[in-house]
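Asks: Data: run11.cif, mmCIF, C-alpha atoms and all ligand atoms; chains and numbers go by the auth columns.
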```
data_query
loop_
_atom_site.group_PDB
_atom_site.id
_atom_site.type_symbol
_atom_site.label_atom_id
_atom_site.label_comp_id
_atom_site.label_asym_id
_atom_site.label_seq_id
_atom_site.Cartn_x
_atom_site.Cartn_y
_atom_site.Cartn_z
_atom_site.B_iso_or_equiv
_atom_site.auth_seq_id
_atom_site.auth_asym_id
ATOM 1 C CA MET A 1 -31.118 -23.013 -6.271 0.00 1 B
ATOM 2 C CA PRO A 2 -34.587 -24.352 -5.529 0.00 2 B
ATOM 3 C CA GLU A 3 -37.671 -22.712 -6.909 0.00 3 B
ATOM 4 C CA TRP A 4 -39.508 -20.121 -4.833 0.00 4 B
ATOM 5 C CA THR A 5 -41.507 -22.501 -2.676 0.00 5 B
ATOM 6 C CA GLN A 6 -42.930 -21.417 0.679 0.00 6 B
ATOM 7 C CA GLU A 7 -40.207 -23.485 2.359 0.00 7 B
ATOM 8 C CA PHE A 8 -37.452 -21.726 0.408 0.00 8 B
ATOM 9 C CA ARG A 9 -38.919 -18.300 1.223 0.00 9 B
ATOM 10 C CA GLU A 10 -39.132 -19.184 4.921 0.00 10 B
ATOM 11 C CA ASP A 11 -35.500 -20.350 4.865 0.00 11 B
ATOM 12 C CA ILE A 12 -34.390 -17.019 3.394 0.00 12 B
ATOM 13 C CA VAL A 13 -36.432 -15.043 5.946 0.00 13 B
ATOM 14 C CA LYS A 14 -34.882 -17.085 8.766 0.00 14 B
ATOM 15 C CA ARG A 15 -31.374 -16.458 7.432 0.00 15 B
ATOM 16 C CA ILE A 16 -32.070 -12.717 7.333 0.00 16 B
ATOM 17 C CA GLN A 17 -33.547 -12.765 10.855 0.00 17 B
ATOM 18 C CA ASP A 18 -30.537 -14.726 12.128 0.00 18 B
ATOM 19 C CA LYS A 19 -28.386 -11.743 11.062 0.00 19 B
ATOM 20 C CA ASN A 20 -30.392 -9.517 13.424 0.00 20 B
ATOM 21 C CA VAL A 21 -32.011 -7.632 10.570 0.00 21 B
ATOM 22 C CA ASN A 22 -34.884 -6.367 12.707 0.00 22 B
ATOM 23 C CA ARG A 23 -35.027 -2.585 12.453 0.00 23 B
ATOM 24 C CA PRO A 24 -38.083 -0.736 11.150 0.00 24 B
ATOM 25 C CA CYS A 25 -38.203 0.715 7.654 0.00 25 B
ATOM 26 C CA PRO A 26 -35.721 3.617 7.374 0.00 26 B
ATOM 27 C CA ARG A 27 -38.199 5.627 5.298 0.00 27 B
ATOM 28 C CA CYS A 28 -41.578 5.275 7.008 0.00 28 B
ATOM 29 C CA GLY A 29 -40.909 3.400 10.243 0.00 29 B
ATOM 30 C CA GLY A 30 -43.099 0.500 9.109 0.00 30 B
ATOM 31 C CA GLU A 31 -42.462 -2.835 10.763 0.00 31 B
ATOM 32 C CA GLN A 32 -43.986 -5.260 8.281 0.00 32 B
ATOM 33 C CA PHE A 33 -41.918 -6.516 5.362 0.00 33 B
ATOM 34 C CA SER A 34 -42.317 -8.999 2.533 0.00 34 B
ATOM 35 C CA LEU A 35 -39.718 -11.030 0.712 0.00 35 B
ATOM 36 C CA VAL A 36 -40.035 -10.429 -3.027 0.00 36 B
ATOM 37 C CA ASP A 37 -39.819 -13.615 -5.119 0.00 37 B
ATOM 38 C CA GLY A 38 -36.792 -13.754 -7.399 0.00 38 B
ATOM 39 C CA PHE A 39 -33.195 -12.649 -7.220 0.00 39 B
ATOM 40 C CA ALA A 40 -32.045 -9.122 -7.911 0.00 40 B
ATOM 41 C CA VAL A 41 -28.661 -9.075 -9.618 0.00 41 B
ATOM 42 C CA PHE A 42 -26.579 -5.957 -9.527 0.00 42 B
ATOM 43 C CA GLY A 43 -24.127 -5.545 -12.394 0.00 43 B
ATOM 44 C CA MET A 44 -21.053 -3.658 -11.263 0.00 44 B
ATOM 45 C CA VAL A 45 -18.775 -1.674 -13.555 0.00 45 B
ATOM 46 C CA GLU A 46 -15.486 -0.022 -12.719 0.00 46 B
ATOM 47 C CA ASP A 47 -16.175 2.986 -14.901 0.00 47 B
ATOM 48 C CA LEU A 48 -19.478 4.335 -16.169 0.00 48 B
ATOM 49 C CA LYS A 49 -18.088 4.195 -19.712 0.00 49 B
ATOM 50 C CA ASP A 50 -17.531 0.426 -19.395 0.00 50 B
ATOM 51 C CA GLU A 51 -19.678 -1.652 -21.682 0.00 51 B
ATOM 52 C CA THR A 52 -18.970 -4.851 -19.803 0.00 52 B
ATOM 53 C CA VAL A 53 -20.128 -5.756 -16.350 0.00 53 B
ATOM 54 C CA ARG A 54 -17.192 -6.718 -14.129 0.00 54 B
ATOM 55 C CA ASN A 55 -19.002 -8.122 -11.122 0.00 55 B
ATOM 56 C CA LEU A 56 -22.415 -9.579 -10.509 0.00 56 B
ATOM 57 C CA VAL A 57 -23.854 -9.315 -7.024 0.00 57 B
ATOM 58 C CA PRO A 58 -26.885 -11.598 -6.625 0.00 58 B
ATOM 59 C CA SER A 59 -29.254 -10.629 -3.849 0.00 59 B
ATOM 60 C CA VAL A 60 -32.697 -11.093 -2.382 0.00 60 B
ATOM 61 C CA CYS A 61 -35.120 -8.200 -2.098 0.00 61 B
ATOM 62 C CA VAL A 62 -37.256 -7.227 0.895 0.00 62 B
ATOM 63 C CA ALA A 63 -40.071 -4.673 0.536 0.00 63 B
ATOM 64 C CA CYS A 64 -41.641 -2.545 3.262 0.00 64 B
ATOM 65 C CA ASN A 65 -45.341 -3.386 3.270 0.00 65 B
ATOM 66 C CA ARG A 66 -46.380 0.191 4.001 0.00 66 B
ATOM 67 C CA CYS A 67 -44.279 2.341 1.652 0.00 67 B
ATOM 68 C CA GLY A 68 -42.610 -0.193 -0.649 0.00 68 B
ATOM 69 C CA TYR A 69 -39.075 0.815 0.260 0.00 69 B
ATOM 70 C CA LEU A 70 -36.786 -1.903 -1.074 0.00 70 B
ATOM 71 C CA THR A 71 -33.729 -3.337 0.614 0.00 71 B
ATOM 72 C CA PHE A 72 -31.364 -5.921 -0.805 0.00 72 B
ATOM 73 C CA HIS A 73 -29.273 -8.584 0.900 0.00 73 B
ATOM 74 C CA ALA A 74 -26.352 -10.145 -0.972 0.00 74 B
ATOM 75 C CA LEU A 75 -26.576 -13.945 -1.077 0.00 75 B
ATOM 76 C CA GLY A 76 -23.024 -14.598 0.160 0.00 76 B
ATOM 77 C CA PRO A 77 -23.413 -13.530 3.806 0.00 77 B
ATOM 78 C CA LEU A 78 -26.742 -15.351 3.977 0.00 78 B
ATOM 79 C CA GLY A 79 -25.006 -18.592 2.990 0.00 79 B
ATOM 80 C CA LEU A 80 -27.085 -18.879 -0.159 0.00 80 B
ATOM 81 C CA ILE A 81 -24.312 -19.154 -2.723 0.00 81 B
ATOM 82 C CA ASP A 82 -23.725 -22.750 -3.748 0.00 82 B
ATOM 83 C CA LYS A 83 -20.131 -23.532 -2.801 0.00 83 B
ATOM 84 C CA ASP A 84 -19.906 -26.221 -5.506 0.00 84 B
ATOM 85 C CA GLN A 85 -20.662 -23.766 -8.237 0.00 85 B
ATOM 86 C CA PRO A 86 -18.426 -20.856 -9.074 0.00 86 B
ATOM 87 C CA PRO A 87 -20.200 -17.680 -8.007 0.00 87 B
ATOM 88 C CA PRO A 88 -20.622 -14.826 -10.436 0.00 88 B
ATOM 89 C CA ALA A 89 -17.365 -12.954 -10.896 0.00 89 B
ATOM 90 C CA GLN A 90 -16.793 -11.444 -7.496 0.00 90 B
ATOM 91 C CA ASN A 91 -13.030 -11.716 -7.404 0.00 91 B
ATOM 92 C CA LYS A 92 -12.773 -7.984 -6.885 0.00 92 B
ATOM 93 C CA GLN A 93 -15.295 -7.860 -4.094 0.00 93 B
ATOM 94 C CA ILE A 94 -13.875 -6.280 -0.958 0.00 94 B
ATOM 95 C CA VAL A 95 -15.292 -7.050 2.462 0.00 95 B
ATOM 96 C CA VAL A 96 -15.891 -3.891 4.470 0.00 96 B
ATOM 97 C CA ASP A 97 -16.752 -4.243 8.137 0.00 97 B
HETATM 98 ZN ZN ZN B . -41.538 1.876 4.691 0.00 101 Q
#
```
Turn this file's structure into structure tokens for me.

Replies:
Amino acid sequence: MPEWTQEFREDIVKRIQDKNVNRPCPRCGGEQFSLVDGFAVFGMVEDLKDETVRNLVPSVCVACNRCGYLTFHALGPLGLIDKDQPPPAQNKQIVVD
């Protein structure tokens, strides 16, 4: 992954826009958003008593400029997971349409 250059940020924003992600903020109706630098990684467990994370879901974070509501987009559908490198353990990920 490249560092968080302006070009990289613009590429991510374009990928999100290409998925028709264009609705206003679900909380305040705001229409201005900012990409937050850095990846958010969700650690998934099968049971709350588990001490080990089973799945990692890397994502990018978008913040509503008015209220700060955060939304996350998994890297896979945006084509941002390097195919040459094994992704974080996602073997149990189920695609739901
Ligand atoms: Zn908002």

Asks: Could you write out as a ChimeraX atom specification the residues that the PyMOL selection byres (((not hetatm)) within 7 of (chain Q and resi 101)) matches in the shown file?

Replies: /B:25-30,64-69

Asks: Evaluate the PyMOL selection byres (((chain B and resi 7-24) around 10) and not hetatm) and record the selected residues as a list in words, following the chain and residue labels used in the document.

Replies: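 Output from the PyMOL selection byres (((chain B and resi 7-24) around 10) and not hetatm), applied to this file: Met1, Pro2, Glu3, Trp4, Thr5, Gln6, Cys25, Pro26, Arg27, Cys28, Gly29, Gly30, Glu31, Gln32, Phe33, Ser34, Leu35, Val36, Asp37, Gly38, Val60, Val62, Cys64, His73, Leu75, Pro77, Leu78, Gly79 and Leu80 of chain B.
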
Asks: Would you mind exporting C-alpha atoms of the selected residues as a short mmCIF file (atom, residue, chain, number, x, y, z; two decimals), keeping the file's coordinate frame?

Replies:
```cif
data_model
loop_
_atom_site.label_atom_id
_atom_site.label_comp_id
_atom_site.auth_asym_id
_atom_site.auth_seq_id
_atom_site.Cartn_x
_atom_site.Cartn_y
_atom_site.Cartn_z
CA MET B 1 -31.12 -23.01 -6.27
CA PRO B 2 -34.59 -24.35 -5.53
CA GLU B 3 -37.67 -22.71 -6.91
CA TRP B 4 -39.51 -20.12 -4.83
CA THR B 5 -41.51 -22.50 -2.68
CA GLN B 6 -42.93 -21.42 0.68
CA CYS B 25 -38.20 0.72 7.65
CA PRO B 26 -35.72 3.62 7.37
CA ARG B 27 -38.20 5.63 5.30
CA CYS B 28 -41.58 5.28 7.01
CA GLY B 29 -40.91 3.40 10.24
CA GLY B 30 -43.10 0.50 9.11
CA GLU B 31 -42.46 -2.84 10.76
CA GLN B 32 -43.99 -5.26 8.28
CA PHE B 33 -41.92 -6.52 5.36
CA SER B 34 -42.32 -9.00 2.53
CA LEU B 35 -39.72 -11.03 0.71
CA VAL B 36 -40.03 -10.43 -3.03
CA ASP B 37 -39.82 -13.62 -5.12
CA GLY B 38 -36.79 -13.75 -7.40
CA VAL B 60 -32.70 -11.09 -2.38
CA VAL B 62 -37.26 -7.23 0.90
CA CYS B 64 -41.64 -2.54 3.26
CA HIS B 73 -29.27 -8.58 0.90
CA LEU B 75 -26.58 -13.94 -1.08
CA PRO B 77 -23.41 -13.53 3.81
CA LEU B 78 -26.74 -15.35 3.98
CA GLY B 79 -25.01 -18.59 2.99
CA LEU B 80 -27.08 -18.88 -0.16
#
```

Asks: Go ahead and compute the interatomic distance for CA of Cys61 (chain B) and CA of Gly43 (chain B), in Å to one decimal.

Replies: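 Rounded to one decimal, the two atoms are 15.3 Å apart.
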
Asks: Go ahead and compute the interatomic distance for CA of Phe42 (chain B) and CA of Ala63 (chain B), in Å to one decimal.

Replies: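 Here the two named atoms are 16.9 Å from each other.
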
Asks: Since I can't run it myself right now, could you work out what the PyMOL selection byres (((chain B and resi 57) around 6) and not hetatm) selects here and report it as a list of chain:residue names?

Replies: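 Here the PyMOL selection byres (((chain B and resi 57) around 6) and not hetatm) matches B:Val41, B:Phe42, B:Leu56, B:Pro58.
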
Asks: What's the 8 Å shell around Arg54 (chain B), counting only C-alpha atoms, without same-chain residues fewer than 3 positions away, as a list of chain:residue names?

Replies: B:Gly43, B:Met44, B:Val45, B:Glu46, B:Ala89
